Amino acid sequence: MTAPTMKTYHNSLKTALDDDFLRQTLDKFAVQYRANRQLIFADVNEKELIAEIADAKDASLDQLDQLYERFKIEAEKKGVVVHRAATAKDACDLVCQLAKENNVQTVIKSKSMTAEEIHLNHSLEEAGLKVTETDLGEWIIQLRHEGPSHMVMPAIHLSRHQVADVFAETTQRDQDSDISKLVKVARQELRAKFAGADMGVSGANFAVAQNGSIAICTNEGNGRLTTTLPRVHVAICGIDKLVPTIHDALRVIKVLPRNATAQAITTYVSWITGAVERQEDGQSAQKRFHVIFLDNGRSQLIQDAKCRQALRCVRCGACANVCPVYRLVGGHRMGYVYIGAIGLILTYFFHGHERAKLLAHNCVGCEACKDVCAAGIDLPAIIQEIRARLTEEFGSSMDVALLGKVLANRGLFHTLLKFAKWAQAPVKKGRYIRHLPEIFSLGQGFRALPAIANESFRDIWPALKPPFVPGAKKIGLFAGCAQDFIFPGHLRAAVTILAKLGVNVEFPLTQSCCGLPVQMMGQRAAAIATAKGNVLAFKSLDVDYVVTLCASCASHIKHRYADLLAGENMSADVKAFGDKIIDFSSLLTDVLKVKPETFVNNHEKVGYHYPCHLVRGMGVVEAPKTLLKAAGDYQPAAEEDVCCGFGGTYSIKFPEVSGTLLANKLNNLQATGATTVVTDCPGCFMQLDGGEAIRGGKLKVEHMAEFLARHLAK
Amino acid sequence: MSAINQAAVELFAAKAKPVSILVSEADSLERALDLAVSVCEKKPLAHLLLPDAAPDSARKKTLAAPGLDETSWNYLAEAGAKKGFEMIRGGLRNYLAGVDVTISVADLGVADTATCVLECPKEDDRLATMICETHVIALAKSKIVANSYEAESFLERALAKERNYTAFISGASRTADIERVLTLGVHGPLELHLVMIEA
Ligand code: SF4
Ligand code: SF4
């Protein structure tokens with residue numbers, strides 16, 4: 001299979017979005033998964049366990065060679081043969097060779113993502129072997145000649161009817177589409193395959209160095225039969241599956257099944273030690289047992305400080321389960337062999353940069369994956385890093401590179417924005433741009449785009465600055481480009497409230513864009529230049545806090561600046577700046593401790609949309625609700641914290657996905673009966689307001705600051 | 001013999017329910033064996049999975065127990081024979097088409113995940129517990145620990161052996177691979193009975 005082009009990729013996204021069955025299945029799954037996951041984690045300390053797993057995995061990665069040596073010594077004492085394969089091809093060749101040496105004709109497999117990674121079936125079949133997958137989902141997709149669309153549920157994209165069809169073809173008999181009957185067909189058909197197989201190929205969830213044992217987690221029990229019935233057992237796993245002790249494995253088992261399928265544990269966990277006993281012609285004999293550790297770029301990835309976290313992955317699949325993009329387009333478009341956030345990453349490292357080129361951009365950056373990852377991997381950060389590398393390697397389209405250059409130069413950027421204000425005049429229609437130049441507007445019809453404001457916030461600031469209050473708190477205001485130039489009204493409202501609360505406000509004019517947009521596009525140099533300018537702009541101001549009305553700016557400054565500016569010799573300033581950053585809602589509730597009396601509550605029905613970068617990026621949950629309850633009649637909406645589809649340039653690149661996420665969001669908000677919708681980020685505001693304008697809806701969209709300013713007591 | 005951790009026993013029973021383990025209690029291993037016999041008696045004749053299987057009319061029900069000690073086996077064999085079952089103690093490879101019931105004795109129980117731990121170093125132990133339609137596991141209450149970390153020292157010993165195959169079993173074989181609908185009994189047992197023994 002060749003790597004998709006931009007055109008074929010968009011076509012396949014479109015096909016997925018039009019697939020009603022897929023959409024319904026993944027929607028239902030996304031909603032049920034979230035609820036079930038919460039329940040199953042109720043009796044363990046999720047965050048603590050995940051942090052422990054992350055630490056333990058990092059420690060193991062530092063000593064993989066020693067773990068491998070230990071495993072090999074222990075396992076070989078017990079009659080196991082242990083191999084290490086440097087490349088996918090080496091691993092495939094090795095399995096084929098073992099098959100030949102042992103006179104193998106038929107192979108059965110239990111599910112192994114590592115075997116998928118190296119396309120083992122293909123090699124075995126080329127060598128003339130008959131291969132049968134025995135995991136139900138894997139068997140179904142094998143019969144359909146497809147790849148998995150999810151790491152844990154490989155056939156989740158198929159309906160019972162499609163399964164019945166392929167079973168009918170295989171068995172040459174009509175098949176009922178009743179699911180329990182279909183499962184029985186697999187039980188019957190595969191038992192004969194188990195009974196006749198010469199070699200069983202399994203994966204391994206853990207390779208325990210301490211005693212040279214492997215452990216395999218399955219629900220169906222096919223893993224136990226695969227490792228028991230054939231004469232030869234070959235287990236194949238990445239070297240990252242090595243753990244020092246049983247305790248390490250037990251710890252991961254507390255999270256892996258909970259995260260994968262919301263089970264406390266998989267039905268079976270099989271711990272295999274040594275070449276176990278088997279019956280051969282009624283005699284007791286020994287099994288031939290080989291363990292193959294696959295490198296395939298892993299050793300190199302360990303050396304890669306920015307991305308090595310990816311090797312902590314325990315393959316639970318949760319990063320796909322919660323991903324709003326996965327939910328819309330399914331696994332075949334959200335990965336290659338590995339699926340979901342980790343799929344975007346591992347495709348780059350294991351299957352080539354060319355194949356990852358488009359995939360790496362299909363992430364809206366909502367951080368939902370990071371929030372649930374069993375191994376605490378900062379997946380969106382790695383995805384951004386990969387984008388930057390891909391841009392360095394393949395270059396970027398002209399307009400993107402130009403934007404990067406412009407943003408890196410604050411003076412030029414601000415001048416250009418002022419110019420753009422005049423340039424857009426003929427296309428402007430009220431608050432929105434009437435139509436975009438052809439090249440920009442492809443597929444952009446799903447929401448109106450806002451026009452650049454006549455007066456930027458920096459223009460009106462001198463007139464707005466509240467009088468100095470001696471002894472009062474001093475708050476710095478970080479505007480970010482969207483609110484400075486497009487929505488200055490948000491900032492104006494915030495200043496009105498802060499003045500009313502009697503605090504001092506500072507707005508240094510040398511600040512610029514936070515740099516996230518260029519970072520998302522993979523323009524690293526521009527991201528560093530803007531970040532540096534902002535740290536310096538606030539350095540000498542001596543403010544107590546720096547408030548920003550943009551959740552994305554807040555989260556970017558707080559979490560990414562340290563890394564971006566690591567080479568700039570200014571870490572103390574960067575830390576001081578990051579520590580002072582606070583979002584508007586938290587500033588009001590936690591620092592300024594506003595009272596309900598600050599507002600007039602006329603019981604306006606108001607819904608809320610959680611910006612991804614606020615709820616996950618900044619961990620803010622209660623503050624916005626507290627404020628809305630004080631100033632209005634708060635109406636909780638379904639999936640309040642699911643992404644609206646904006647994601648900065650994401651919405652420009654993948655309008656079909658962005659538009660669908662937006663439609664879901666607006667439908668959920670509308671269903672609450674609210675008349676007003678509030679959010680805490682100009683990006684989300686732009687998306688929601690523009691979407692509502694296009695569909696002619698009645699929801700009034702406001703930034704939190706605007707809503708509160710409108711309800712400020714006199 | 002260690003003391004019974006009553007809280008762990010109760011936790012085990014509570015956690016067994018949502019994963020469809022059918023839990024009962026018995027005073028002794030013999031009573032558990034009686035129970036296995038009666039489960040076998042009540043269930044329909046096993047559906048055989050290999051093409052050249054004998055017709056139903058020519059078959060007896062099958063009850064396998066390769067892991068039992070001599071005394072228990074003798075007791076069970078007699079009870080099963082009385083009911084006309086074919087009793088299997090070894091050679092499980094000859095029964096890959098399926099057996100009706102297997103009874104095994106667990107080496108440990110882990111309460112918080114409703115897990116039975118069975119050491120299966122012999123192929124017959126592994127096969128018997130997979131190819132039966134109904135698996136009955138007897139577990140002494142005194143062998144139930146609260147959570148997997150408490151099972152660690154047991155596992156250390158089990159995995160230190162030269163050859164071993166230690167199985168964690170927490171329910172009947174299951175899948176949700178078709179439309180995410182949970183279905184019991186895919187490659188392994190359709191049903192799992194747990195008999196907690198007062199010991
Ligand atoms: S950040 Fe959001 S969109 Fe990107 S991979 Fe993670 S869950 Fe998916
Ligand atoms: S990256 Fe994290 S969430 Fe995704 S499969 Fe790996 S461990 Fe699970």
# chains A, B, ... in the order shown; residues from 1 in each chain; ligands from 1
>>> residues_around(residues="Phe685 in chain A", least_positions_apart="5", cutoff="9 Å", atoms="only C-alpha atoms", output="ChimeraX atom specification")
/A:678-680,690,701-703
>>> write_last_selection(atoms="N, CA, C and O atoms", output="mmCIF file, in the first residue's frame")
data_model
loop_
_atom_site.group_PDB
_atom_site.id
_atom_site.type_symbol
_atom_site.label_atom_id
_atom_site.label_comp_id
_atom_site.auth_asym_id
_atom_site.auth_seq_id
_atom_site.Cartn_x
_atom_site.Cartn_y
_atom_site.Cartn_z
ATOM 1 N N VAL A 678 -21.493 30.329 26.331
ATOM 2 C CA VAL A 678 -20.286 31.026 26.759
ATOM 3 C C VAL A 678 -19.092 30.091 26.622
ATOM 4 O O VAL A 678 -19.215 28.878 26.792
ATOM 5 N N THR A 679 -17.956 30.674 26.278
ATOM 6 C CA THR A 679 -16.729 29.890 26.276
ATOM 7 C C THR A 679 -15.590 30.799 26.721
ATOM 8 O O THR A 679 -15.797 32.006 26.941
ATOM 9 N N ASP A 680 -14.395 30.244 26.848
ATOM 10 C CA ASP A 680 -13.273 30.991 27.422
ATOM 11 C C ASP A 680 -12.081 31.069 26.489
ATOM 12 O O ASP A 680 -10.956 31.115 26.954
ATOM 13 N N GLY A 690 -19.154 31.547 14.401
ATOM 14 C CA GLY A 690 -19.173 31.461 12.944
ATOM 15 C C GLY A 690 -20.088 30.342 12.461
ATOM 16 O O GLY A 690 -20.782 30.472 11.460
ATOM 17 N N VAL A 701 -23.465 33.678 21.076
ATOM 18 C CA VAL A 701 -22.194 33.162 21.577
ATOM 19 C C VAL A 701 -21.389 34.311 22.179
ATOM 20 O O VAL A 701 -21.277 35.380 21.563
ATOM 21 N N GLU A 702 -20.887 34.107 23.382
ATOM 22 C CA GLU A 702 -20.114 35.155 24.046
ATOM 23 C C GLU A 702 -18.880 34.589 24.726
ATOM 24 O O GLU A 702 -18.866 33.429 25.152
ATOM 25 N N HIS A 703 -17.880 35.426 24.859
ATOM 26 C CA HIS A 703 -16.763 35.066 25.724
ATOM 27 C C HIS A 703 -17.224 35.276 27.165
ATOM 28 O O HIS A 703 -18.084 36.126 27.446
#
>>> residues_around(residues="range 53-57 of chain B", least_positions_apart="2", cutoff="12 Å", atoms="only C-alpha atoms", output="list in words")
Ala192 of chain A; Pro44, Leu45, Ala46, His47, Leu48, Leu49, Leu50, Pro51, Arg59, Lys60, Lys61, Asn94, Tyr95, Leu96, Ala97, Gly98 and Val99 of chain B
>>> write_last_selection(atoms="N, CA, C and O atoms", output="mmCIF file, in the first residue's frame")
data_model
loop_
_atom_site.group_PDB
_atom_site.id
_atom_site.type_symbol
_atom_site.label_atom_id
_atom_site.label_comp_id
_atom_site.auth_asym_id
_atom_site.auth_seq_id
_atom_site.Cartn_x
_atom_site.Cartn_y
_atom_site.Cartn_z
ATOM 1 N N ALA A 192 -10.758 -26.191 14.560
ATOM 2 C CA ALA A 192 -10.032 -27.114 13.676
ATOM 3 C C ALA A 192 -8.662 -26.531 13.315
ATOM 4 O O ALA A 192 -7.674 -27.270 13.223
ATOM 5 N N PRO B 44 -26.843 -29.113 28.745
ATOM 6 C CA PRO B 44 -27.051 -29.884 27.518
ATOM 7 C C PRO B 44 -25.749 -30.523 27.054
ATOM 8 O O PRO B 44 -24.674 -30.025 27.385
ATOM 9 N N LEU B 45 -25.853 -31.587 26.313
ATOM 10 C CA LEU B 45 -24.671 -32.295 25.798
ATOM 11 C C LEU B 45 -23.803 -31.335 24.991
ATOM 12 O O LEU B 45 -24.316 -30.529 24.222
ATOM 13 N N ALA B 46 -22.500 -31.430 25.191
ATOM 14 C CA ALA B 46 -21.586 -30.488 24.530
ATOM 15 C C ALA B 46 -21.758 -30.508 23.016
ATOM 16 O O ALA B 46 -21.956 -31.559 22.417
ATOM 17 N N HIS B 47 -21.622 -29.314 22.457
ATOM 18 C CA HIS B 47 -21.647 -29.202 21.001
ATOM 19 C C HIS B 47 -20.222 -29.393 20.512
ATOM 20 O O HIS B 47 -19.345 -28.611 20.854
ATOM 21 N N LEU B 48 -19.980 -30.436 19.754
ATOM 22 C CA LEU B 48 -18.596 -30.716 19.354
ATOM 23 C C LEU B 48 -18.166 -29.863 18.169
ATOM 24 O O LEU B 48 -18.950 -29.553 17.287
ATOM 25 N N LEU B 49 -16.900 -29.476 18.194
ATOM 26 C CA LEU B 49 -16.440 -28.450 17.265
ATOM 27 C C LEU B 49 -15.585 -28.976 16.123
ATOM 28 O O LEU B 49 -15.142 -28.203 15.286
ATOM 29 N N LEU B 50 -15.297 -30.270 16.129
ATOM 30 C CA LEU B 50 -14.491 -30.776 15.016
ATOM 31 C C LEU B 50 -15.363 -31.639 14.106
ATOM 32 O O LEU B 50 -16.295 -32.298 14.566
ATOM 33 N N PRO B 51 -15.056 -31.646 12.839
ATOM 34 C CA PRO B 51 -15.930 -32.258 11.837
ATOM 35 C C PRO B 51 -16.212 -33.747 12.048
ATOM 36 O O PRO B 51 -17.336 -34.170 11.871
ATOM 37 N N ARG B 59 -22.996 -40.528 22.101
ATOM 38 C CA ARG B 59 -22.022 -39.903 23.000
ATOM 39 C C ARG B 59 -22.491 -39.853 24.440
ATOM 40 O O ARG B 59 -23.673 -39.726 24.719
ATOM 41 N N LYS B 60 -21.511 -39.901 25.335
ATOM 42 C CA LYS B 60 -21.796 -39.664 26.754
ATOM 43 C C LYS B 60 -21.342 -38.250 27.081
ATOM 44 O O LYS B 60 -20.513 -37.695 26.355
ATOM 45 N N LYS B 61 -21.831 -37.728 28.178
ATOM 46 C CA LYS B 61 -21.277 -36.450 28.626
ATOM 47 C C LYS B 61 -19.860 -36.686 29.134
ATOM 48 O O LYS B 61 -19.542 -37.763 29.627
ATOM 49 N N ASN B 94 -7.053 -35.780 22.805
ATOM 50 C CA ASN B 94 -8.038 -36.595 22.088
ATOM 51 C C ASN B 94 -9.446 -36.010 22.173
ATOM 52 O O ASN B 94 -10.386 -36.571 21.635
ATOM 53 N N TYR B 95 -9.574 -34.895 22.892
ATOM 54 C CA TYR B 95 -10.907 -34.329 23.098
ATOM 55 C C TYR B 95 -11.008 -32.880 22.607
ATOM 56 O O TYR B 95 -11.774 -32.089 23.143
ATOM 57 N N LEU B 96 -10.209 -32.540 21.625
ATOM 58 C CA LEU B 96 -10.175 -31.134 21.205
ATOM 59 C C LEU B 96 -11.509 -30.648 20.650
ATOM 60 O O LEU B 96 -11.755 -29.446 20.557
ATOM 61 N N ALA B 97 -12.383 -31.576 20.294
ATOM 62 C CA ALA B 97 -13.700 -31.155 19.803
ATOM 63 C C ALA B 97 -14.546 -30.573 20.935
ATOM 64 O O ALA B 97 -15.531 -29.890 20.682
ATOM 65 N N GLY B 98 -14.123 -30.836 22.179
ATOM 66 C CA GLY B 98 -14.833 -30.239 23.308
ATOM 67 C C GLY B 98 -15.184 -31.240 24.374
ATOM 68 O O GLY B 98 -15.409 -32.408 24.085
ATOM 69 N N VAL B 99 -15.198 -30.812 25.638
ATOM 70 C CA VAL B 99 -15.727 -31.636 26.723
ATOM 71 C C VAL B 99 -16.821 -30.835 27.414
ATOM 72 O O VAL B 99 -16.901 -29.621 27.249
#
>>> atom_distance(atom1="CA of Asp178 in chain A", atom2="CA of Ala164 in chain A")
8.4 Å
>>> residues_near_ligand(ligand="ligand 2", cutoff="9 Å", atoms="only C-alpha atoms and all ligand atoms", output="JSON, numbers by chain")
{"A": [151, 256, 259, 260, 310, 311, 312, 313, 314, 315, 316, 317, 318, 319, 320, 321, 338, 339, 340, 341, 342, 343, 369, 370, 371, 372, 373, 374, 375, 376, 377, 378, 379]}
>>> write_last_selection(atoms="N, CA and C atoms", output="short mmCIF file (atom, residue, chain, number, x, y, z; two decimals), in the first residue's frame")
data_model
loop_
_atom_site.label_atom_id
_atom_site.label_comp_id
_atom_site.auth_asym_id
_atom_site.auth_seq_id
_atom_site.Cartn_x
_atom_site.Cartn_y
_atom_site.Cartn_z
N MET A 151 -6.67 -0.70 17.84
CA MET A 151 -5.64 -1.61 18.34
C MET A 151 -6.22 -2.71 19.22
N LEU A 256 -4.12 -1.11 32.17
CA LEU A 256 -4.31 -1.49 30.77
C LEU A 256 -5.74 -1.94 30.43
N ASN A 259 -8.33 0.85 30.88
CA ASN A 259 -8.25 1.87 29.84
C ASN A 259 -8.70 1.34 28.48
N ALA A 260 -8.44 0.06 28.25
CA ALA A 260 -8.73 -0.50 26.93
C ALA A 260 -10.22 -0.71 26.75
N ALA A 310 7.05 8.02 23.78
CA ALA A 310 6.15 7.17 22.99
C ALA A 310 6.40 5.69 23.27
N LEU A 311 7.62 5.35 23.70
CA LEU A 311 7.93 3.94 23.96
C LEU A 311 7.37 3.45 25.29
N ARG A 312 6.79 4.35 26.05
CA ARG A 312 6.11 3.89 27.27
C ARG A 312 4.80 3.18 26.95
N CYS A 313 4.31 3.39 25.73
CA CYS A 313 2.96 2.94 25.36
C CYS A 313 2.72 1.47 25.69
N VAL A 314 1.57 1.18 26.30
CA VAL A 314 1.22 -0.20 26.61
C VAL A 314 0.12 -0.72 25.69
N ARG A 315 -0.19 0.05 24.64
CA ARG A 315 -1.13 -0.38 23.59
C ARG A 315 -2.54 -0.62 24.13
N CYS A 316 -3.02 0.29 24.96
CA CYS A 316 -4.38 0.11 25.48
C CYS A 316 -5.43 0.63 24.51
N GLY A 317 -5.01 1.50 23.60
CA GLY A 317 -5.97 2.02 22.62
C GLY A 317 -6.80 3.19 23.11
N ALA A 318 -6.64 3.60 24.36
CA ALA A 318 -7.50 4.66 24.91
C ALA A 318 -7.33 5.98 24.18
N CYS A 319 -6.13 6.23 23.66
CA CYS A 319 -5.93 7.51 22.98
C CYS A 319 -6.77 7.60 21.72
N ALA A 320 -7.16 6.47 21.16
CA ALA A 320 -8.12 6.51 20.05
C ALA A 320 -9.54 6.63 20.61
N ASN A 321 -9.80 5.90 21.69
CA ASN A 321 -11.16 5.87 22.23
C ASN A 321 -11.71 7.26 22.55
N TYR A 338 -0.64 1.20 13.71
CA TYR A 338 -1.04 1.70 15.03
C TYR A 338 -2.03 2.84 14.81
N ILE A 339 -3.00 2.95 15.73
CA ILE A 339 -4.16 3.81 15.51
C ILE A 339 -4.27 4.86 16.62
N GLY A 340 -4.84 5.99 16.28
CA GLY A 340 -5.09 7.02 17.29
C GLY A 340 -3.86 7.90 17.46
N ALA A 341 -3.80 8.65 18.55
CA ALA A 341 -2.69 9.57 18.77
C ALA A 341 -1.35 8.84 18.66
N ILE A 342 -1.24 7.68 19.31
CA ILE A 342 0.03 6.95 19.26
C ILE A 342 0.28 6.44 17.84
N GLY A 343 -0.79 6.22 17.10
CA GLY A 343 -0.66 5.78 15.71
C GLY A 343 -0.01 6.85 14.85
N CYS A 369 -6.40 12.79 24.51
CA CYS A 369 -5.61 11.56 24.57
C CYS A 369 -4.62 11.60 25.74
N LYS A 370 -3.97 12.73 25.86
CA LYS A 370 -2.98 12.90 26.94
C LYS A 370 -3.64 12.70 28.31
N ASP A 371 -4.87 13.15 28.39
CA ASP A 371 -5.61 13.10 29.64
C ASP A 371 -5.86 11.67 30.12
N VAL A 372 -5.96 10.70 29.20
CA VAL A 372 -6.29 9.33 29.60
C VAL A 372 -5.15 8.34 29.40
N CYS A 373 -4.06 8.77 28.80
CA CYS A 373 -3.01 7.81 28.42
C CYS A 373 -2.53 6.99 29.62
N ALA A 374 -2.53 5.67 29.45
CA ALA A 374 -2.15 4.75 30.52
C ALA A 374 -0.71 4.96 30.97
N ALA A 375 0.10 5.52 30.08
CA ALA A 375 1.51 5.67 30.40
C ALA A 375 1.89 7.14 30.55
N GLY A 376 0.89 8.01 30.64
CA GLY A 376 1.15 9.43 30.89
C GLY A 376 1.98 10.09 29.79
N ILE A 377 1.78 9.66 28.56
CA ILE A 377 2.57 10.22 27.45
C ILE A 377 1.95 11.55 27.01
N ASP A 378 2.80 12.56 26.80
CA ASP A 378 2.30 13.83 26.28
C ASP A 378 2.18 13.71 24.77
N LEU A 379 1.13 13.03 24.35
CA LEU A 379 0.97 12.69 22.93
C LEU A 379 0.88 13.92 22.02
#
>>> interface_residues(of="chain B", to="chain A", cutoff="9 Å", atoms="only C-alpha atoms", output="NGL selection string")
:B and (19 or 48-51 or 91 or 93 or 96-97 or 112-115 or 121-124 or 126-127 or 130-131 or 148-149 or 152 or 155-156 or 158-189)
>>> closest_atom_pairs(of="chain A", to="ligand 1", cutoff="6 Å", atoms="only C-alpha atoms and all ligand atoms", output="CSV")
residue,atom,partner,partner_atom_place_in_ligand_line,distance
A:Val322,CA,ligand 1,7 (S),6.0
A:Cys323,CA,ligand 1,7 (S),3.6
A:Pro324,CA,ligand 1,8 (Fe),5.8
A:Val325,CA,ligand 1,3 (S),5.4
A:Ala341,CA,ligand 1,5 (S),3.9
A:Cys363,CA,ligand 1,4 (Fe),3.7
A:Val364,CA,ligand 1,3 (S),4.1
A:Gly365,CA,ligand 1,1 (S),3.7
A:Cys366,CA,ligand 1,2 (Fe),3.8
A:Glu367,CA,ligand 1,1 (S),3.9
A:Ala368,CA,ligand 1,7 (S),4.3
A:Cys369,CA,ligand 1,7 (S),4.2
A:Pro380,CA,ligand 1,1 (S),4.9
>>> atom_distance(atom1="CA of Val503 in chain A", atom2="CA of Val546 in chain A")
12.6 Å
>>> residues_around(residues="Arg387 in chain A", least_positions_apart="6", cutoff="7 Å", atoms="only C-alpha atoms", output="MDAnalysis selection string")
chainID A and resid 360:361 521:522
>>> select_by_dssp(residues="range 112-196 of chain B", states="helix (DSSP H, G or I)", output="ChimeraX atom specification")
/B:112-113,123-131,141-143,148-160
>>> select_by_dssp(residues="range 416-580 of chain A", states="strand (DSSP E or B)", output="mmCIF file with N, CA and C atoms, in the first residue's frame")
data_model
loop_
_atom_site.group_PDB
_atom_site.id
_atom_site.type_symbol
_atom_site.label_atom_id
_atom_site.label_comp_id
_atom_site.auth_asym_id
_atom_site.auth_seq_id
_atom_site.Cartn_x
_atom_site.Cartn_y
_atom_site.Cartn_z
ATOM 1 N N LYS A 428 -15.991 42.398 3.408
ATOM 2 C CA LYS A 428 -16.528 42.370 4.766
ATOM 3 C C LYS A 428 -18.045 42.526 4.760
ATOM 4 N N LYS A 429 -18.679 41.764 5.651
ATOM 5 C CA LYS A 429 -20.131 41.887 5.761
ATOM 6 C C LYS A 429 -20.421 41.884 7.262
ATOM 7 N N TYR A 432 -18.490 39.619 9.860
ATOM 8 C CA TYR A 432 -17.841 38.497 9.189
ATOM 9 C C TYR A 432 -17.256 38.886 7.844
ATOM 10 N N ILE A 433 -16.384 38.027 7.362
ATOM 11 C CA ILE A 433 -15.845 38.192 6.015
ATOM 12 C C ILE A 433 -16.840 37.547 5.055
ATOM 13 N N PRO A 450 -14.566 35.559 10.997
ATOM 14 C CA PRO A 450 -14.714 36.928 11.483
ATOM 15 C C PRO A 450 -13.798 37.881 10.723
ATOM 16 N N LYS A 474 -1.770 43.786 40.986
ATOM 17 C CA LYS A 474 -1.384 44.251 39.664
ATOM 18 C C LYS A 474 -1.458 43.069 38.696
ATOM 19 N N ILE A 475 -2.324 43.185 37.718
ATOM 20 C CA ILE A 475 -2.567 42.079 36.787
ATOM 21 C C ILE A 475 -2.052 42.454 35.407
ATOM 22 N N GLY A 476 -1.212 41.607 34.833
ATOM 23 C CA GLY A 476 -0.771 41.804 33.454
ATOM 24 C C GLY A 476 -1.801 41.185 32.524
ATOM 25 N N LEU A 477 -2.003 41.795 31.380
ATOM 26 C CA LEU A 477 -2.964 41.260 30.427
ATOM 27 C C LEU A 477 -2.197 40.773 29.203
ATOM 28 N N PHE A 478 -2.337 39.457 28.912
ATOM 29 C CA PHE A 478 -1.738 38.929 27.687
ATOM 30 C C PHE A 478 -2.873 38.744 26.685
ATOM 31 N N ASN A 504 -5.252 46.822 39.404
ATOM 32 C CA ASN A 504 -4.451 47.504 38.395
ATOM 33 C C ASN A 504 -4.204 46.561 37.218
ATOM 34 N N VAL A 505 -4.262 47.112 36.021
ATOM 35 C CA VAL A 505 -4.055 46.292 34.829
ATOM 36 C C VAL A 505 -2.913 46.874 33.995
ATOM 37 N N GLU A 506 -2.017 45.980 33.555
ATOM 38 C CA GLU A 506 -0.899 46.397 32.703
ATOM 39 C C GLU A 506 -0.992 45.665 31.370
ATOM 40 N N TYR A 545 -0.082 38.536 38.551
ATOM 41 C CA TYR A 545 -0.535 37.479 37.646
ATOM 42 C C TYR A 545 -0.527 38.010 36.231
ATOM 43 N N VAL A 546 -0.468 37.096 35.274
ATOM 44 C CA VAL A 546 -0.695 37.483 33.883
ATOM 45 C C VAL A 546 -1.942 36.734 33.439
ATOM 46 N N VAL A 547 -3.012 37.476 33.163
ATOM 47 C CA VAL A 547 -4.255 36.814 32.773
ATOM 48 C C VAL A 547 -4.343 36.802 31.258
ATOM 49 N N THR A 548 -4.833 35.681 30.733
ATOM 50 C CA THR A 548 -5.152 35.662 29.314
ATOM 51 C C THR A 548 -6.551 35.101 29.112
#
>>> atom_distance(atom1="CA of Ala16 in chain B", atom2="CA of Lys43 in chain B")
21.3 Å
>>> residues_around(residues="Phe85 in chain B", least_positions_apart="6", cutoff="10 Å", atoms="only C-alpha atoms", output="list in words")
Val37, Cys40, Glu41, Arg59, Lys60, Lys61, Thr62, Leu63, Ala64, Ala77, Glu78, Ala79 and Asp100 of chain B
>>> residues_around(residues="Asp90 in chain A", least_positions_apart="6", cutoff="12 Å", atoms="only C-alpha atoms", output="list in words")
His83, Arg84, Cys96, Gln97, Ile118, His119, Leu120, Ser123, Ile292, Phe293, Leu294, Asp295 and Asn296 of chain A
>>> write_last_selection(atoms="N, CA, C and O atoms", output="compact mmCIF listing (two decimals), in the first residue's frame")
# COMPACT_ATOMS: atom_id res chain seq x y z
N HIS A 83 15.76 -14.30 20.83
CA HIS A 83 16.38 -13.62 19.69
C HIS A 83 16.12 -12.12 19.77
O HIS A 83 15.18 -11.67 20.39
N ARG A 84 16.99 -11.40 19.07
CA ARG A 84 16.75 -9.97 18.93
C ARG A 84 16.81 -9.64 17.45
O ARG A 84 17.77 -10.00 16.78
N CYS A 96 10.16 -17.01 9.54
CA CYS A 96 10.09 -17.93 8.39
C CYS A 96 11.12 -19.04 8.53
O CYS A 96 10.85 -20.21 8.26
N GLN A 97 12.31 -18.66 8.98
CA GLN A 97 13.37 -19.63 9.14
C GLN A 97 13.02 -20.66 10.22
O GLN A 97 13.21 -21.86 10.05
N ILE A 118 5.16 -5.42 11.57
CA ILE A 118 6.16 -5.89 10.60
C ILE A 118 5.50 -6.62 9.43
O ILE A 118 6.20 -7.18 8.59
N HIS A 119 4.17 -6.60 9.37
CA HIS A 119 3.43 -7.28 8.29
C HIS A 119 3.88 -8.74 8.17
O HIS A 119 4.21 -9.23 7.10
N LEU A 120 3.86 -9.40 9.33
CA LEU A 120 4.37 -10.78 9.39
C LEU A 120 3.56 -11.74 8.50
O LEU A 120 4.13 -12.59 7.83
N SER A 123 4.77 -11.97 5.00
CA SER A 123 6.01 -12.74 4.81
C SER A 123 5.76 -14.23 4.93
O SER A 123 6.31 -15.02 4.16
N ILE A 292 11.09 -13.46 20.32
CA ILE A 292 11.81 -12.53 19.45
C ILE A 292 11.55 -11.10 19.92
O ILE A 292 10.39 -10.67 20.00
N PHE A 293 12.62 -10.40 20.23
CA PHE A 293 12.49 -8.99 20.59
C PHE A 293 12.79 -8.15 19.35
O PHE A 293 13.85 -8.26 18.75
N LEU A 294 11.84 -7.30 19.02
CA LEU A 294 11.97 -6.48 17.81
C LEU A 294 12.48 -5.09 18.17
O LEU A 294 11.99 -4.45 19.11
N ASP A 295 13.47 -4.65 17.43
CA ASP A 295 13.95 -3.28 17.62
C ASP A 295 13.22 -2.33 16.67
O ASP A 295 12.41 -1.52 17.08
N ASN A 296 13.47 -2.48 15.39
CA ASN A 296 12.77 -1.69 14.36
C ASN A 296 12.72 -0.19 14.70
O ASN A 296 11.66 0.43 14.66
